[in-house]
Amino acid sequence: MAIELKIGTRGTRCELTDTFTPAFLALHGLFEVGFIDDVKTENESIFGMCFACKTKYGWMCSFSHNDVLTYMGDGIWDLRVAEEAKLTRLSDAEKKVLSEPDKEF
C-alpha cells in the first residue's frame with residue numbers, strides 16, 4: 001500500500017513532520033533547510049528546524065512549528081504563518097523601512 005499526499009492535505013508543520021518522514025515530505029516539496037539556533041522575537045524564542053517550500057509566489061520558509069501548510073499539488077504548498085514574529089534586535093528606523101511597501105522603479 002502506497003502512502004499518498006492528497007491535494008488539500010492541511011496541518012501544522014509539527015503535525016506534518018510527525019506524520020510523514022522527511023524523505024517523503026522532500027519528495028513532495030517540503031524541505032528541511034537547517035537548524036535555527038536561537039532568535040528572540042517579541043512573543044517567543046525561535047529554536048528548531050527551518051523548512052522551505054515552494055508556493056505559487058516563490059520559495060518561502062517556515063520557522064515555527066505552528067505554521068499551517070496546505071498541499072496544493074505538484075510540489076506546491078500554501079504556507080500560512082501562525083503569528084507575525086517581530087524581531088526585537090531591529091532599530092526603530094529598520095522596522096519602519098521593513099514595514100513600508102515596496103516601491104516600483
# chains A, B, ... in the order shown; residues from 1 in each chain; ligands from 1
>>> residues_around(residues="A:Ile3", least_positions_apart="4", cutoff="12 Å", atoms="only C-alpha atoms", output="count of residues only")
6
>>> residues_around(residues="A:Gly8", least_positions_apart="2", cutoff="7 Å", atoms="only C-alpha atoms", output="VMD selection string")
chain A and resid 6 10 70 to 72
>>> write_last_selection(atoms="N, CA, C and O atoms", output="CSV table (one decimal), in the first residue's frame")
chain,number,residue,atom,x,y,z
A,6,LYS,N,-2.6,13.8,-0.6
A,6,LYS,CA,-3.6,14.3,-1.4
A,6,LYS,C,-3.7,15.8,-1.4
A,6,LYS,O,-3.3,16.4,-0.5
A,10,ARG,N,-4.0,19.4,4.9
A,10,ARG,CA,-3.6,20.6,5.6
A,10,ARG,C,-3.3,20.2,7.1
A,10,ARG,O,-3.9,19.3,7.6
A,70,THR,N,-0.7,23.7,3.5
A,70,THR,CA,-1.7,23.0,2.7
A,70,THR,C,-1.0,22.6,1.4
A,70,THR,O,-0.4,23.4,0.7
A,71,TYR,N,-1.2,21.3,1.1
A,71,TYR,CA,-0.6,20.8,-0.2
A,71,TYR,C,-1.5,21.1,-1.3
A,71,TYR,O,-2.7,20.8,-1.3
A,72,MET,N,-0.9,21.8,-2.3
A,72,MET,CA,-1.7,22.3,-3.5
A,72,MET,C,-1.5,21.3,-4.7
A,72,MET,O,-2.2,21.5,-5.7
>>> atom_distance(atom1="atom CA of A:Cys61", atom2="atom CA of A:Ile7")
20.2 Å
>>> atom_distance(atom1="atom CA of A:Asn66", atom2="atom CA of A:Val81")
7.7 Å
>>> residues_around(residues="A:Thr55", least_positions_apart="2", cutoff="8 Å", atoms="only C-alpha atoms", output="list of chain:residue names")
A:Cys53, A:Tyr57, A:Gly58, A:Trp59, A:Met60, A:Ile76, A:Trp77, A:Asp78, A:Leu79
>>> write_last_selection(atoms="N, CA, C and O atoms", output="mmCIF file, in the first residue's frame")
data_model
loop_
_atom_site.group_PDB
_atom_site.id
_atom_site.type_symbol
_atom_site.label_atom_id
_atom_site.label_comp_id
_atom_site.auth_asym_id
_atom_site.auth_seq_id
_atom_site.Cartn_x
_atom_site.Cartn_y
_atom_site.Cartn_z
ATOM 1 N N CYS A 53 9.542 25.652 1.381
ATOM 2 C CA CYS A 53 8.587 25.060 0.454
ATOM 3 C C CYS A 53 8.344 26.034 -0.692
ATOM 4 O O CYS A 53 8.517 27.240 -0.546
ATOM 5 N N TYR A 57 3.852 31.863 -5.114
ATOM 6 C CA TYR A 57 4.553 33.145 -5.179
ATOM 7 C C TYR A 57 6.073 32.990 -5.194
ATOM 8 O O TYR A 57 6.787 33.965 -5.327
ATOM 9 N N GLY A 58 6.571 31.779 -5.006
ATOM 10 C CA GLY A 58 8.011 31.528 -4.944
ATOM 11 C C GLY A 58 8.344 30.755 -3.679
ATOM 12 O O GLY A 58 7.465 30.237 -2.995
ATOM 13 N N TRP A 59 9.617 30.674 -3.367
ATOM 14 C CA TRP A 59 10.069 29.913 -2.201
ATOM 15 C C TRP A 59 9.824 30.701 -0.918
ATOM 16 O O TRP A 59 10.078 31.890 -0.852
ATOM 17 N N MET A 60 9.338 29.998 0.115
ATOM 18 C CA MET A 60 9.111 30.599 1.433
ATOM 19 C C MET A 60 9.650 29.654 2.493
ATOM 20 O O MET A 60 9.776 28.446 2.258
ATOM 21 N N ILE A 76 3.741 22.097 -4.798
ATOM 22 C CA ILE A 76 3.396 23.468 -4.412
ATOM 23 C C ILE A 76 2.626 23.429 -3.098
ATOM 24 O O ILE A 76 1.707 22.627 -2.921
ATOM 25 N N TRP A 77 2.992 24.310 -2.170
ATOM 26 C CA TRP A 77 2.366 24.393 -0.863
ATOM 27 C C TRP A 77 1.794 25.783 -0.636
ATOM 28 O O TRP A 77 2.257 26.755 -1.217
ATOM 29 N N ASP A 78 0.810 25.878 0.229
ATOM 30 C CA ASP A 78 0.318 27.152 0.724
ATOM 31 C C ASP A 78 0.791 27.249 2.162
ATOM 32 O O ASP A 78 0.510 26.364 2.969
ATOM 33 N N LEU A 79 1.532 28.308 2.482
ATOM 34 C CA LEU A 79 2.083 28.485 3.822
ATOM 35 C C LEU A 79 1.416 29.666 4.497
ATOM 36 O O LEU A 79 1.430 30.777 3.970
#
>>> closest_residue(among="A:Glu4, A:Leu69, A:Met49, A:Gly75", to="A:Ala26", atoms="only C-alpha atoms")
A:Gly75
>>> select_by_dssp(residues="stretch 9-84 of chain A", states="strand (DSSP E or B)", output="JSON list (two decimals) with C-alpha atoms, in the first residue's frame")
[["chain", "number", "residue", "atom", "x", "y", "z"],
["A", 10, "ARG", "CA", -3.62, 20.60, 5.64],
["A", 11, "GLY", "CA", -1.97, 20.71, 9.02],
["A", 12, "THR", "CA", 0.53, 22.48, 11.17],
["A", 30, "LEU", "CA", 8.78, 20.43, 1.77],
["A", 31, "PHE", "CA", 12.49, 20.52, 2.62],
["A", 32, "GLU", "CA", 14.44, 20.73, 5.87],
["A", 33, "VAL", "CA", 16.80, 23.67, 5.37],
["A", 34, "GLY", "CA", 18.73, 23.84, 8.61],
["A", 35, "PHE", "CA", 18.65, 24.33, 12.33],
["A", 36, "ILE", "CA", 17.87, 27.74, 13.81],
["A", 37, "ASP", "CA", 19.88, 28.26, 16.95],
["A", 38, "ASP", "CA", 18.12, 30.94, 18.97],
["A", 39, "VAL", "CA", 16.36, 34.02, 17.59],
["A", 40, "LYS", "CA", 14.41, 36.14, 20.05],
["A", 41, "THR", "CA", 11.17, 37.82, 19.00],
["A", 45, "SER", "CA", 12.12, 32.44, 21.03],
["A", 46, "ILE", "CA", 12.56, 30.60, 17.74],
["A", 47, "PHE", "CA", 14.58, 27.43, 18.17],
["A", 48, "GLY", "CA", 14.44, 24.41, 15.90],
["A", 49, "MET", "CA", 14.39, 23.22, 12.32],
["A", 50, "CYS", "CA", 13.65, 25.59, 9.44],
["A", 51, "PHE", "CA", 11.69, 24.24, 6.45],
["A", 52, "ALA", "CA", 11.41, 25.63, 2.91],
["A", 53, "CYS", "CA", 8.59, 25.06, 0.45],
["A", 54, "LYS", "CA", 7.65, 26.31, -2.98],
["A", 55, "THR", "CA", 4.46, 28.38, -3.08],
["A", 58, "GLY", "CA", 8.01, 31.53, -4.94],
["A", 59, "TRP", "CA", 10.07, 29.91, -2.20],
["A", 60, "MET", "CA", 9.11, 30.60, 1.43],
["A", 61, "CYS", "CA", 10.48, 29.42, 4.77],
["A", 62, "SER", "CA", 8.61, 28.11, 7.78],
["A", 68, "VAL", "CA", -0.15, 25.92, 8.70],
["A", 69, "LEU", "CA", 0.71, 24.19, 5.42],
["A", 70, "THR", "CA", -1.69, 23.03, 2.72],
["A", 71, "TYR", "CA", -0.57, 20.81, -0.15],
["A", 72, "MET", "CA", -1.70, 22.25, -3.50],
["A", 73, "GLY", "CA", -0.23, 19.53, -5.75],
["A", 76, "ILE", "CA", 3.40, 23.47, -4.41],
["A", 77, "TRP", "CA", 2.37, 24.39, -0.86],
["A", 78, "ASP", "CA", 0.32, 27.15, 0.72],
["A", 79, "LEU", "CA", 2.08, 28.49, 3.82],
["A", 80, "ARG", "CA", 0.18, 30.46, 6.45]]
>>> atom_distance(atom1="atom CA of A:Ala82", atom2="atom CA of A:Pro22")
21.3 Å
